[in-house]
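Colleague: Structure in structure tokens, see below.
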Amino acid sequence: MFDCHCHILPGIDDGSKNVQMSLKMLDMEVRQGVEGVIFTPHFYADMNSPETFLRRRERALQELEANLSLLPRVPKYISGSEVHYFRGMSRAEGIESLCIGNSNYILLEMPFRDWQPQFIDEVEEISDVLGLRVIIAHIERYLDQDRRLVNRILENPDFLIQCNAEFFIERTKPALNLMKTGRIDLLGSDSHNLEHRRPNLADAVQIMQKKDKKGALDHIYRVSRQIFAAAT
């Protein structure tokens with residue numbers, strides 16, 4: 001398993017508050033069989049420039065790495081970001097620096113307000129003009145948006161679709177229905193803490209395994225490995 005969306009880096013966003021919490025979260029990941037983790041702290045363009053964000057992310061990573069020897073085992077990890085949609089992002093300077101590691105994969109959080117066609121146009125430009133591989137974060141949060149616009153996302157073969165483990169745990173039936181379409185490419189815990197938003201990938205995978213007759217988990221594993229290979 002690979003956790004392709006989490007907020008484990010300490011003190012950079014609304015996720016882990018300190019190194020001690022981050023270490024406990026990483027230990028939980030390992031104990032659940034997680035092989036690799038992508039650190040994806042929130043990036044909001046109205047709060048930070050890419051340069052400022054990357055400096056903050058590097059400080060948080062260095063602080064965590066200085067204490068990793070306290071853990072019996074450490075999963076593979078890569079730094080990325082969860083980039084919140086903003087108008088003009090396909091033309092924004094430095095957007096490529098927010099990709100996962102050395103890859104061209106970028107995790108994008110769509111707006112939670114009502115979608116407009118220009119939102120999808122902008123995301124398509126990120127892919128078509130900049131050549132970035134867009135990963136749509138936690139698709140389940142947008143399924144009540146205008147279905148035509150959601151379908152533009154789901155039907156675009158250039159986009160990768162990420163689901164949160166929570167979707168399978170709390171809304172099992174619709175999650176499994178989406179899994180059966182073959183349109184889930186990546187899983188993430190979207191973990192923020194040790195309580196109500198803890199690392200929980202193993203719980204979701206256990207649910208998926210019972211109904212996976214079309215190789216959905218094999219596909220997710222394969223895509224995850226491809227991203228790690230491209231990013232390192």
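So you can find residues: chains in the structure tokens are A, B, ... in the order shown, residues in each start at 1, and ligands are numbered from 1 in order.
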Quick one: residues within 10 Å of Ala229 (chain A), only C-alpha atoms, excluding same-chain residues fewer than 5 positions away - as a PyMOL selection string?
Modeller: chain A and resi 101-103+223-224
Colleague: Please provide the set of residues having any atom within 9 Å of Gln20 (chain A), restricted to only C-alpha atoms, with same-chain residues fewer than 3 positions apart removed, written as a count of residues only.
Modeller: 8
Colleague: Between A:Asp3, A:Glu155, A:Glu29, A:Asp128, which residue has the minimum interatomic distance to Arg225 (chain A), considering only C-alpha atoms?
Modeller: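 Result for the nearest residue to Arg225 (chain A): A:Asp3.
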Colleague: Extract, using only C-alpha atoms, all DNA, RNA and protein residues at most 8 Å from region 161-174 of chain A, discarding same-chain residues fewer than 4 positions from it, and format them as a ChimeraX atom specification.
Modeller: /A:135-140,154,178,183-190,200-201,203-205,207-208
Colleague: For the interface of region 10-92 of chain A with region 108-125 of chain A (cut-off 8 Å, counting only C-alpha atoms), please tabulate each contacting residue of region 10-92 of chain A alongside its nearest pair of atoms and their separation in Å to one decimal, rows sorted by chain and increasing number, as a tab-separated table.
Modeller:
```
residue	atom	partner	partner_atom	distance
A:Glu82	CA	A:Leu108	CA	5.7
A:Val83	CA	A:Leu108	CA	4.9
A:His84	CA	A:Glu109	CA	4.6
A:Tyr85	CA	A:Met110	CA	5.3
A:Arg87	CA	A:Glu122	CA	7.6
A:Gly88	CA	A:Glu122	CA	7.2
A:Met89	CA	A:Glu122	CA	7.3
A:Ser90	CA	A:Glu125	CA	6.0
```
Colleague: Which one is closest to Val134 (chain A): A:Ile227, A:Ile38, A:Glu58, A:Leu176? Count only C-alpha atoms.
Modeller: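 Looking only at the distances to Val134 (chain A), the closest residue turns out to be A:Ile227.
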Colleague: Which one of A:Lys213, A:Arg222, A:His196, A:Arg91 sits closest to Lys180 (chain A) if you count only C-alpha atoms?
Modeller: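 Checking each candidate against Lys180 (chain A), we get A:Lys213 as the closest.
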